[in-house]
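Text of work-v6.cif (mmCIF, C-alpha atoms) as supplied:
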```
data_coords
loop_
_atom_site.label_atom_id
_atom_site.label_comp_id
_atom_site.auth_asym_id
_atom_site.auth_seq_id
_atom_site.Cartn_x
_atom_site.Cartn_y
_atom_site.Cartn_z
CA MET A 215 55.49 157.55 113.69
CA THR A 216 57.76 154.52 113.37
CA GLY A 217 60.32 156.19 115.65
CA GLU A 218 57.65 156.81 118.31
CA LEU A 219 56.44 153.22 117.98
CA TYR A 220 59.96 151.89 118.62
CA ALA A 221 60.81 154.37 121.34
CA PHE A 222 57.64 154.67 123.41
CA SER A 223 55.01 152.06 122.59
CA LEU A 224 56.61 148.63 122.62
CA HIS A 225 58.53 146.40 124.98
CA PHE A 226 62.17 145.95 123.98
CA GLU A 227 61.68 142.44 122.62
CA ALA A 228 58.61 143.43 120.61
CA ARG A 229 60.43 146.51 119.37
CA ALA A 230 63.32 144.35 118.20
CA LEU A 231 60.91 142.08 116.31
CA VAL A 232 59.29 145.04 114.57
CA LEU A 233 62.68 146.52 113.74
CA ARG A 234 63.80 143.17 112.35
CA ALA A 235 60.61 142.89 110.30
CA HIS A 236 61.22 146.33 108.84
CA PHE A 237 64.81 145.42 108.07
CA ILE A 238 63.73 142.17 106.40
CA ALA A 239 61.22 144.11 104.29
CA LEU A 240 63.94 146.54 103.22
CA VAL A 241 66.36 143.71 102.42
CA GLU A 242 63.70 141.80 100.48
CA VAL A 243 62.82 144.82 98.34
CA PHE A 244 66.48 145.39 97.51
CA MET A 245 67.08 141.71 96.82
CA CYS A 246 64.00 141.54 94.57
CA LEU A 247 65.57 144.24 92.43
CA MET A 248 68.90 142.42 92.45
CA SER A 249 67.21 139.10 91.64
CA ARG A 250 65.50 140.71 88.68
CA PHE A 251 68.92 141.97 87.55
CA LEU A 252 70.41 138.48 87.88
CA TRP A 253 67.46 136.78 86.21
CA LYS A 254 67.60 139.14 83.25
CA ASN A 255 71.33 138.66 82.76
CA LEU A 256 71.37 134.90 83.26
CA THR A 257 68.26 133.91 81.32
CA ASN A 258 67.86 136.54 78.61
CA LEU A 259 70.29 134.62 76.41
CA LYS A 260 69.74 132.79 73.19
CA PRO A 261 70.43 129.11 73.91
CA ALA A 262 73.38 127.63 72.09
CA THR A 263 72.36 126.12 68.76
CA VAL A 264 72.25 122.37 68.58
CA PRO A 265 71.85 119.98 65.66
CA SER A 266 68.31 119.73 64.31
CA GLY A 267 66.35 117.00 65.99
CA ASN A 268 67.75 117.89 69.43
CA HIS A 269 65.35 120.77 70.01
CA ASP A 270 63.61 118.95 72.87
CA THR A 271 66.96 118.38 74.62
CA GLU A 272 67.84 122.04 74.19
CA THR A 273 64.50 123.21 75.53
CA THR A 274 64.64 120.81 78.49
CA GLY A 275 68.17 121.96 79.42
CA TRP A 276 67.16 125.60 79.25
CA THR A 277 64.06 124.97 81.38
CA LEU A 278 66.17 123.09 83.94
CA TRP A 279 68.62 126.01 84.12
CA LYS A 280 65.80 128.49 84.75
CA THR A 281 64.33 126.23 87.43
CA VAL A 282 67.67 125.91 89.22
CA LEU A 283 68.28 129.66 88.99
CA LEU A 284 64.82 130.50 90.32
CA SER A 285 65.25 128.10 93.26
CA TYR A 286 68.67 129.60 94.00
CA LEU A 287 67.29 133.16 94.02
CA VAL A 288 64.37 132.20 96.27
CA VAL A 289 66.61 130.40 98.79
CA SER A 290 69.03 133.36 98.83
CA GLN A 291 66.19 135.75 99.60
CA MET A 292 65.08 133.61 102.54
CA SER A 293 68.47 133.85 104.25
CA TYR A 294 67.75 136.63 106.74
CA MET A 295 64.43 135.04 107.74
CA THR A 296 66.37 132.11 109.20
CA ASN A 297 67.48 134.48 112.00
CA ILE A 298 63.93 134.18 113.30
CA PHE A 299 63.00 130.57 112.55
CA PHE A 300 66.21 128.53 112.56
CA ILE A 301 68.26 129.40 115.65
CA GLY A 302 69.28 126.75 118.16
CA LYS A 303 72.18 124.86 119.69
CA ASN A 304 73.92 124.29 116.35
CA PRO A 305 73.37 125.63 112.83
CA HIS A 306 70.33 124.42 110.91
CA TRP A 307 71.08 122.95 107.48
CA PHE A 308 68.61 125.26 105.74
CA ALA A 309 70.12 128.34 107.36
CA MET A 310 73.57 127.25 106.19
CA LEU A 311 72.23 126.66 102.67
CA ALA A 312 70.38 129.98 102.54
CA TYR A 313 73.27 132.09 103.84
CA SER A 314 75.79 130.25 101.63
CA SER A 315 73.54 131.03 98.68
CA LEU A 316 73.43 134.66 99.76
CA GLY A 317 77.23 134.82 99.81
CA SER A 318 77.52 133.49 96.26
CA TYR A 319 74.56 135.71 95.26
CA ILE A 320 76.59 138.77 96.27
CA GLN A 321 79.63 137.56 94.34
CA LEU A 322 77.51 136.78 91.27
CA SER A 323 75.90 140.23 91.34
CA VAL A 324 79.26 141.97 91.70
CA ALA A 325 80.84 139.92 88.91
CA ILE A 326 78.07 140.73 86.42
CA ALA A 327 78.13 144.41 87.40
CA LEU A 328 81.92 144.60 86.93
CA LEU A 329 81.80 142.85 83.56
CA LYS A 330 79.07 145.23 82.43
CA LEU A 331 81.23 148.11 83.60
CA VAL A 332 84.07 146.79 81.45
CA ASN A 333 81.68 146.65 78.51
CA TYR A 334 80.58 150.20 79.18
CA ALA A 335 84.20 151.37 79.40
CA GLY A 336 84.94 149.60 76.12
CA HIS A 337 81.94 151.27 74.56
CA CYS A 338 83.00 154.73 75.75
CA LEU A 339 86.65 154.33 74.86
CA LYS A 340 85.86 152.77 71.48
CA TRP A 341 88.17 149.83 72.15
CA LYS A 342 86.74 147.71 69.38
CA TRP A 343 84.96 148.49 66.10
CA ASN A 344 83.53 146.25 63.46
CA GLY A 345 83.41 146.77 59.72
CA ASN A 346 80.32 149.01 59.54
CA GLY A 347 81.55 151.39 62.22
CA SER A 348 79.35 150.34 65.13
CA ARG A 349 80.96 149.62 68.48
CA LYS A 350 81.63 146.04 69.46
CA ILE A 351 81.25 144.92 73.08
CA VAL A 352 84.13 143.33 74.99
CA PHE A 353 82.04 140.55 76.58
CA SER A 354 78.92 139.08 75.03
CA LYS A 355 75.86 138.31 77.17
CA ARG A 356 76.76 134.64 77.09
CA SER A 357 80.40 135.14 78.06
CA THR A 358 79.37 137.59 80.80
CA ALA A 359 77.02 135.00 82.29
CA VAL A 360 79.53 132.16 82.05
CA LEU A 361 82.41 134.17 83.54
CA ALA A 362 80.21 135.51 86.37
CA VAL A 363 78.93 132.05 87.32
CA LEU A 364 82.46 130.59 87.25
CA TYR A 365 83.81 133.41 89.41
CA ALA A 366 80.93 133.21 91.91
CA THR A 367 81.34 129.44 92.20
CA CYS A 368 85.09 129.64 92.83
CA ALA A 369 84.76 132.59 95.22
CA ALA A 370 82.01 130.88 97.20
CA PHE A 371 84.01 127.65 97.48
CA TYR A 372 87.09 129.54 98.69
CA GLY A 373 85.03 131.67 101.11
CA LEU A 374 83.21 128.66 102.57
CA THR A 375 86.47 126.76 102.98
CA SER A 376 88.12 129.71 104.74
CA ALA A 377 85.23 130.22 107.16
CA ALA A 378 85.06 126.50 107.96
CA GLN A 379 88.55 126.70 109.50
CA MET A 380 89.06 127.67 113.12
CA PRO A 381 90.16 131.26 113.77
CA LYS A 382 93.88 131.89 113.86
CA VAL A 383 95.63 133.27 116.92
CA LYS A 384 96.83 136.76 116.09
CA ARG A 385 99.53 138.03 118.44
CA VAL A 386 99.83 141.76 119.01
CA THR A 387 102.15 143.67 121.34
CA ILE A 388 101.00 147.11 122.53
CA PRO A 389 102.89 149.58 124.75
CA VAL A 390 100.87 151.25 127.51
CA LYS A 391 102.32 154.43 128.94
CA GLY A 392 102.66 154.41 132.74
CA LEU A 393 101.86 150.71 133.06
CA SER A 394 103.17 149.19 136.28
CA ARG A 395 106.06 146.75 135.90
CA ARG A 396 103.85 144.17 137.58
CA TRP A 397 101.62 144.23 134.47
CA HIS A 398 104.53 143.96 132.05
CA ASN A 399 103.83 141.27 129.39
CA THR A 400 100.28 140.69 130.60
CA HIS A 401 98.14 138.76 128.13
CA ILE A 402 94.66 140.00 127.23
CA VAL A 403 92.80 137.59 124.94
CA GLN A 404 90.13 139.29 122.86
CA VAL A 405 87.32 137.57 120.99
CA SER A 406 84.67 139.50 119.11
CA ASP A 407 81.76 139.07 116.70
CA ILE A 408 81.14 135.37 117.27
CA HIS A 409 77.50 135.79 116.18
CA LEU A 410 75.94 132.70 117.69
CA GLY A 411 72.82 132.22 115.62
CA PRO A 412 71.65 130.50 112.44
CA THR A 413 75.13 129.61 111.15
CA VAL A 414 77.34 129.53 114.29
CA GLY A 415 76.60 127.36 117.30
CA PHE A 416 77.78 125.30 120.24
CA SER A 417 80.45 123.27 118.40
CA LYS A 418 82.36 126.27 117.11
CA LEU A 419 82.08 128.15 120.39
CA ASP A 420 83.40 125.10 122.24
CA ALA A 421 86.45 124.97 119.96
CA ILE A 422 87.02 128.72 120.37
CA VAL A 423 87.03 128.32 124.15
CA ASP A 424 89.70 125.63 123.79
CA ILE A 425 91.84 128.11 121.83
CA ILE A 426 91.33 130.82 124.46
CA ASN A 427 92.32 128.53 127.34
CA SER A 428 95.38 127.25 125.47
CA LEU A 429 96.77 130.80 125.58
CA ASN A 430 96.68 130.91 129.42
CA PRO A 431 95.21 134.43 129.44
CA ASP A 432 95.43 136.89 132.28
CA VAL A 433 92.27 138.67 131.09
CA VAL A 434 89.62 137.61 128.56
CA VAL A 435 87.32 140.12 126.86
CA ILE A 436 84.38 139.64 124.51
CA THR A 437 83.93 142.92 122.61
CA GLY A 438 80.33 142.51 121.45
CA ASP A 439 78.13 140.71 118.92
CA LEU A 440 78.29 137.42 120.76
CA VAL A 441 74.71 136.49 119.83
CA ASP A 442 72.05 136.93 117.15
CA GLY A 443 69.11 135.64 119.15
CA SER A 444 67.40 135.54 122.51
CA VAL A 445 68.56 133.64 125.59
CA LYS A 446 65.65 131.26 125.11
CA ALA A 447 66.74 130.44 121.55
CA LEU A 448 70.46 130.12 122.28
CA SER A 449 70.59 128.84 125.87
CA GLU A 450 72.00 125.48 124.72
CA ALA A 451 74.70 127.11 122.58
CA VAL A 452 76.48 129.22 125.23
CA PRO A 453 77.53 126.75 128.02
CA PRO A 454 81.15 126.50 126.71
CA LEU A 455 81.69 130.08 127.93
CA ALA A 456 81.62 128.77 131.49
CA ARG A 457 84.89 126.95 130.77
CA VAL A 458 86.82 130.14 129.92
CA ARG A 459 89.69 130.61 132.37
CA ALA A 460 91.50 133.87 133.11
CA THR A 461 93.65 134.95 136.05
CA TYR A 462 92.04 138.37 136.55
CA GLY A 463 88.61 137.73 135.12
CA LYS A 464 86.56 137.56 131.94
CA PHE A 465 84.53 140.52 130.71
CA PHE A 466 81.78 141.30 128.21
CA ILE A 467 80.37 144.36 126.46
CA THR A 468 77.42 144.61 124.11
CA GLY A 469 77.56 144.96 120.35
CA ASN A 470 74.82 146.22 118.08
CA HIS A 471 73.45 142.71 117.51
CA GLU A 472 72.74 142.18 121.21
CA TYR A 473 70.29 145.07 120.96
CA TYR A 474 68.71 143.68 117.81
CA THR A 475 67.68 140.63 119.87
CA GLY A 476 65.63 142.78 122.26
CA ASP A 477 66.88 140.51 125.05
CA VAL A 478 69.97 142.33 126.33
CA ASP A 479 69.09 142.35 130.02
CA SER A 480 68.44 138.60 129.95
CA TRP A 481 71.82 138.13 128.32
CA PHE A 482 73.46 140.13 131.09
CA LEU A 483 71.98 137.74 133.66
CA LYS A 484 72.95 134.69 131.58
CA LEU A 485 76.55 135.84 131.16
CA ASN A 486 76.83 136.48 134.88
CA THR A 487 75.89 132.85 135.52
CA LEU A 488 78.66 131.84 133.09
CA GLY A 489 81.24 133.76 135.12
CA PHE A 490 81.49 136.92 133.01
CA THR A 491 81.52 140.45 134.35
CA VAL A 492 79.35 142.67 132.15
CA LEU A 493 80.78 146.15 131.71
CA HIS A 494 77.59 148.19 131.23
CA ASN A 495 78.99 151.73 130.95
CA SER A 496 81.10 150.81 133.94
CA ASN A 497 84.62 149.84 134.93
CA VAL A 498 86.58 147.59 137.24
CA LYS A 499 89.92 148.23 138.90
CA LEU A 500 92.36 145.39 138.27
CA THR A 501 95.20 144.91 140.71
CA PRO A 502 98.06 142.50 139.87
CA LEU A 503 98.95 139.67 142.20
CA GLY A 504 101.10 141.09 144.99
CA GLY A 505 100.41 144.62 143.76
CA SER A 506 99.00 147.71 145.44
CA ILE A 507 96.71 150.60 144.56
CA GLU A 508 99.55 152.24 142.62
CA ASP A 509 99.55 149.28 140.21
CA VAL A 510 95.86 149.45 139.26
CA ILE A 511 94.55 149.29 135.67
CA CYS A 512 91.09 150.67 135.01
CA LEU A 513 89.29 148.30 132.64
CA ALA A 514 86.14 150.01 131.30
CA GLY A 515 83.39 149.05 128.89
CA GLY A 516 80.63 150.94 127.13
CA ASP A 517 77.29 149.90 125.66
CA ASP A 518 77.03 149.80 121.91
CA LEU A 519 76.17 152.98 120.03
CA ASP A 520 73.10 151.40 118.42
CA ALA A 521 71.41 151.33 121.82
CA ASN A 522 71.27 155.14 121.57
CA ARG A 523 69.76 154.96 118.08
CA MET A 524 67.15 152.45 119.22
CA PHE A 525 66.20 154.46 122.35
CA TYR A 526 66.92 151.37 124.43
CA THR A 527 66.01 152.56 127.94
CA GLY A 528 68.82 152.19 130.45
CA HIS A 529 71.36 151.51 127.71
CA GLY A 530 73.49 153.54 125.33
CA PHE A 531 77.13 154.42 124.92
CA ASN A 532 78.00 156.79 127.79
CA VAL A 533 81.66 157.64 128.04
CA ASP A 534 81.13 159.66 131.23
CA HIS A 535 79.61 156.74 133.12
CA ALA A 536 82.23 154.35 131.80
CA LEU A 537 85.32 156.46 132.56
CA GLN A 538 84.60 159.15 135.14
CA THR A 539 85.61 156.95 138.09
CA CYS A 540 88.91 155.90 136.48
CA ASP A 541 91.96 157.54 138.05
CA PRO A 542 93.58 159.76 135.35
CA GLY A 543 96.95 158.90 136.85
CA GLN A 544 96.54 155.21 136.05
CA PRO A 545 96.32 153.34 132.72
CA VAL A 546 92.85 152.98 131.20
CA ILE A 547 91.79 150.21 128.82
CA LEU A 548 88.36 150.64 127.23
CA LEU A 549 86.20 148.04 125.50
CA ALA A 550 84.01 149.66 122.82
CA HIS A 551 82.39 147.51 120.15
CA GLN A 552 82.27 150.01 117.29
CA PRO A 553 85.34 151.95 116.14
CA ARG A 554 83.17 155.08 116.03
CA ALA A 555 82.69 154.71 119.78
CA ALA A 556 86.44 154.28 120.18
CA LYS A 557 87.00 157.61 118.45
CA LEU A 558 84.42 159.33 120.65
CA ALA A 559 86.19 158.06 123.76
CA LEU A 560 89.61 159.10 122.51
CA GLU A 561 88.30 162.60 121.78
CA SER A 562 86.78 162.87 125.28
CA PRO A 563 88.58 164.63 128.15
CA TYR A 564 89.23 161.30 129.86
CA ARG A 565 92.46 159.35 129.78
CA VAL A 566 92.24 156.37 127.41
CA ASP A 567 95.40 154.41 126.70
CA LEU A 568 94.00 151.48 124.73
CA VAL A 569 90.65 150.77 123.09
CA LEU A 570 89.69 147.26 121.99
CA SER A 571 86.97 147.14 119.32
CA GLY A 572 85.44 144.82 116.74
CA HIS A 573 82.31 145.27 114.60
CA THR A 574 83.89 145.73 111.16
CA HIS A 575 84.75 142.06 110.43
CA GLY A 576 87.31 143.63 108.10
CA GLY A 577 84.36 143.67 105.71
CA GLN A 578 84.07 139.83 105.87
CA ILE A 579 83.74 139.30 102.10
CA PHE A 580 84.60 141.17 98.92
CA PRO A 581 83.54 143.87 98.14
CA LEU A 582 82.07 144.71 101.56
CA MET A 583 85.53 145.45 102.92
CA LEU A 584 85.48 148.63 100.82
CA VAL A 585 82.34 149.78 102.62
CA ALA A 586 83.75 148.82 106.04
CA TYR A 587 86.91 150.79 105.30
CA LEU A 588 85.01 153.91 104.25
CA VAL A 589 82.47 154.09 107.09
CA ASN A 590 84.72 153.34 110.08
CA PRO A 591 87.41 155.63 111.52
CA PHE A 592 89.45 152.52 112.36
CA TYR A 593 89.11 149.56 110.01
CA ARG A 594 91.13 146.59 111.27
CA GLY A 595 94.34 145.95 113.16
CA LEU A 596 96.39 148.26 115.37
CA TYR A 597 96.30 152.07 115.23
CA ARG A 598 98.21 154.67 117.17
CA TYR A 599 96.17 157.68 118.21
CA GLY A 600 97.74 160.88 119.48
CA GLU A 601 100.95 160.69 121.46
CA SER A 602 100.57 157.37 123.21
CA SER A 603 97.05 155.92 122.83
CA HIS A 604 96.21 152.89 120.69
CA VAL A 605 93.17 151.26 119.15
CA TYR A 606 92.96 147.63 118.15
CA VAL A 607 90.11 146.50 115.89
CA SER A 608 89.53 142.76 115.64
CA GLU A 609 88.38 141.31 112.31
CA GLY A 610 86.06 139.04 114.28
CA THR A 611 86.32 135.54 115.65
CA GLN A 612 83.60 134.12 113.40
CA TYR A 613 81.26 135.76 110.89
CA TRP A 614 77.81 137.23 110.60
CA GLY A 615 75.28 135.01 108.81
CA ILE A 616 77.12 134.24 105.58
CA PRO A 617 79.56 131.40 106.42
CA MET A 618 82.28 132.85 104.20
CA ARG A 619 85.51 134.77 104.54
CA LEU A 620 86.81 136.29 101.34
CA GLY A 621 89.76 138.66 101.57
CA THR A 622 89.57 138.76 105.39
CA SER A 623 90.40 136.44 108.27
CA MET A 624 88.99 135.28 111.61
CA GLU A 625 91.01 135.78 114.77
CA VAL A 626 91.41 135.14 118.45
CA THR A 627 93.64 138.03 119.47
CA ASP A 628 96.40 137.49 122.02
CA ILE A 629 97.33 141.03 123.10
CA THR A 630 100.48 141.52 125.15
CA ILE A 631 100.67 144.86 126.95
CA HIS A 632 104.03 146.10 128.15
CA THR A 633 105.40 149.06 130.05
CA THR A 634 106.77 152.19 128.49
CA THR A 635 107.91 155.47 129.98
CA SER A 636 107.75 157.53 126.81
CA PRO A 637 105.03 158.30 124.23
#
```
Could you write out this structure as structure tokens?
Amino acid sequence: MTGELYAFSLHFEARALVLRAHFIALVEVFMCLMSRFLWKNLTNLKPATVPSGNHDTETTGWTLWKTVLLSYLVVSQMSYMTNIFFIGKNPHWFAMLAYSSLGSYIQLSVAIALLKLVNYAGHCLKWKWNGNGSRKIVFSKRSTAVLAVLYATCAAFYGLTSAAQMPKVKRVTIPVKGLSRRWHNTHIVQVSDIHLGPTVGFSKLDAIVDIINSLNPDVVVITGDLVDGSVKALSEAVPPLARVRATYGKFFITGNHEYYTGDVDSWFLKLNTLGFTVLHNSNVKLTPLGGSIEDVICLAGGDDLDANRMFYTGHGFNVDHALQTCDPGQPVILLAHQPRAAKLALESPYRVDLVLSGHTHGGQIFPLMLVAYLVNPFYRGLYRYGESSHVYVSEGTQYWGIPMRLGTSMEVTDITIHTTTSP
């Protein structure tokens, strides 16, 4: 029934709101369980003994700790709701607070779980015994709580500091078989997963555009997840994109988050006004200055796979539409947001020399990189596929929601393609 409601009964924007409401409900249920876990492990402790006469001080301190913890858990649980209520030109302070809390919340949960796992391992392996033969735990409840809070605090500080920096320029050189000499050492600048929304706005995008232009790109591509809101909500955040300069053009494909907004077609129109060519299961033929038809590169782009899952009419990853008009005798570069889409294209009968993807963020923060590694056929960085094809997966130019980077990095990718006559 829910599937029919999404697919047949609602307008795209209304469908996206319902989908987001369902997702929020799912997240809130899970976080309620996790909050109960945290509350139990951080409050079910006997307060440290204090000299007699200081009982009131002890009780007041313990009550204060519970109040702070409860406020922290509530703010963390409100993080995803800010995607609806706190999106504008620049990040809202409450959205930053809520998503920062969520980042430390994840680290705190993982730390307690790992320490409990150590205790369980110690219990099973009989690491320690006391005099009457019963097993002795490795970490007490109090030491578990203290260590977890210390770790989460340090990890959150490091993650926030890392994400507050501007993305680094990552330079990658990729050979393309059969590439015309006129395209030798051409620079393609890729940005991906900027996620304009509750925690990323105009100021950061403006600085990213400065980085892009400083590289003097021949081609600029945005490989999806540019926005986390509607055109109406983010219209004042995107003007810096009009300043992007590229010799042969600037191009955009959708990511899954564009479809979550329910406003994809409006974004297509908006990006056109900002000078971007939207590759909507389509391609363009790029000819170098002074070149001829023999020197053409086919630059193609596909819609995100989640459009298929959401039954988004007129959208969906379609490798046939994207590639069937490319000349198989000429190099083909494909933009595909998700690495799973990249694999589908590479397994198709069409020629694909290079796929540029994003989506994974490299996992963004520990331990999510483990999940990102397991569920994606290509995780991050450069991969060779078959005899001469390549896939490059960006770790993302910013971050989704949580303004942290822990164990991963942000990048503006300066890709140099060069000629090669052998696989």
Checklist entry - Quick one: which residues end up in the PyMOL selection byres ((chain A and resi 459) around 8) for this structure, as a VMD selection string? => result chain A and resid 427 430 to 431 434 457 to 458 460 to 461 463 to 464
File of the preceding selection, C-alpha atoms, as a short mmCIF file (atom, residue, chain, number, x, y, z; two decimals), in the frame of the given file:
```cif
data_model
loop_
_atom_site.label_atom_id
_atom_site.label_comp_id
_atom_site.auth_asym_id
_atom_site.auth_seq_id
_atom_site.Cartn_x
_atom_site.Cartn_y
_atom_site.Cartn_z
CA ASN A 427 92.32 128.53 127.34
CA ASN A 430 96.68 130.91 129.42
CA PRO A 431 95.21 134.43 129.44
CA VAL A 434 89.62 137.61 128.56
CA ARG A 457 84.89 126.95 130.77
CA VAL A 458 86.82 130.14 129.92
CA ALA A 460 91.50 133.87 133.11
CA THR A 461 93.65 134.95 136.05
CA GLY A 463 88.61 137.73 135.12
CA LYS A 464 86.56 137.56 131.94
#
```
Next on the checklist: Since I can't run it myself right now, could you work out what the PyMOL selection byres ((chain A and resi 598) around 12) selects here and report it as a list in words?
Outcome noted: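 So the PyMOL selection byres ((chain A and resi 598) around 12) ends up selecting Ile388, Pro389, Val390, Lys557, Leu560, Val566, Asp567, Leu568, Val569, Phe592, Gly595, Leu596, Tyr597, Tyr599, Gly600, Glu601, Ser602, Ser603, His604, Val605, Tyr606, Val607 and Pro637 of chain A.
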Checklist outcome for this item: A straight line from CA of Ala369 (chain A) to CA of Ser318 (chain A) spans 7.4 Å
Checklist entry - Between CA of Leu287 (chain A) and CA of Cys246 (chain A), what is the distance, to one decimal in Å? => result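 We find that CA of Leu287 (chain A) and CA of Cys246 (chain A) lie 9.0 Å from each other.
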Checklist entry - By how many Å are CA of Gly615 (chain A) and CA of Leu256 (chain A) apart? => result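 Taking CA of Gly615 (chain A) and CA of Leu256 (chain A), their separation equals 25.8 Å.
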Checklist entry - From the set A:Ser506, A:Thr574, A:Thr622, A:Thr281, which residue has the shortest atom-to-atom contact distance to Trp397 (chain A), counting all atoms listed in the file? => result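 Using all atoms listed in the file, the shortest distance to Trp397 (chain A) belongs to A:Ser506.
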Next on the checklist: On this structure, the PyMOL selection byres ((chain A and resi 417) around 12) would catch which residues? List them as a list in words, sorted by chain and number.
Outcome noted: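 Applied to this file, the PyMOL selection byres ((chain A and resi 417) around 12) returns Gly302, Lys303, Asn304, Pro305, Ala378, Met380, Leu410, Thr413, Val414, Gly415, Phe416, Lys418, Leu419, Asp420, Ala421, Ile422, Val423, Asp424, Glu450, Ala451, Val452, Pro453, Pro454 and Leu455 of chain A.
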Checklist entry - Which residues, written as a ChimeraX atom specification, have at least one atom at most 9 Å from region 629-634 of chain A, with all atoms listed in the file counted and residues fewer than 4 positions away on the same chain left out? => result /A:384-395,397-404
Next on the checklist: Within 7 Å of (97.2, 145.4, 136.5) in the file's own coordinates, which protein, DNA or RNA residues have an atom, counting only C-alpha atoms? List them as a list of chain:residue names.
Outcome noted: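 The residues near that point, listed by chain and number, are A:Arg396, A:Trp397, A:Leu500, A:Thr501, A:Pro502, A:Asp509, A:Val510, A:Ile511.
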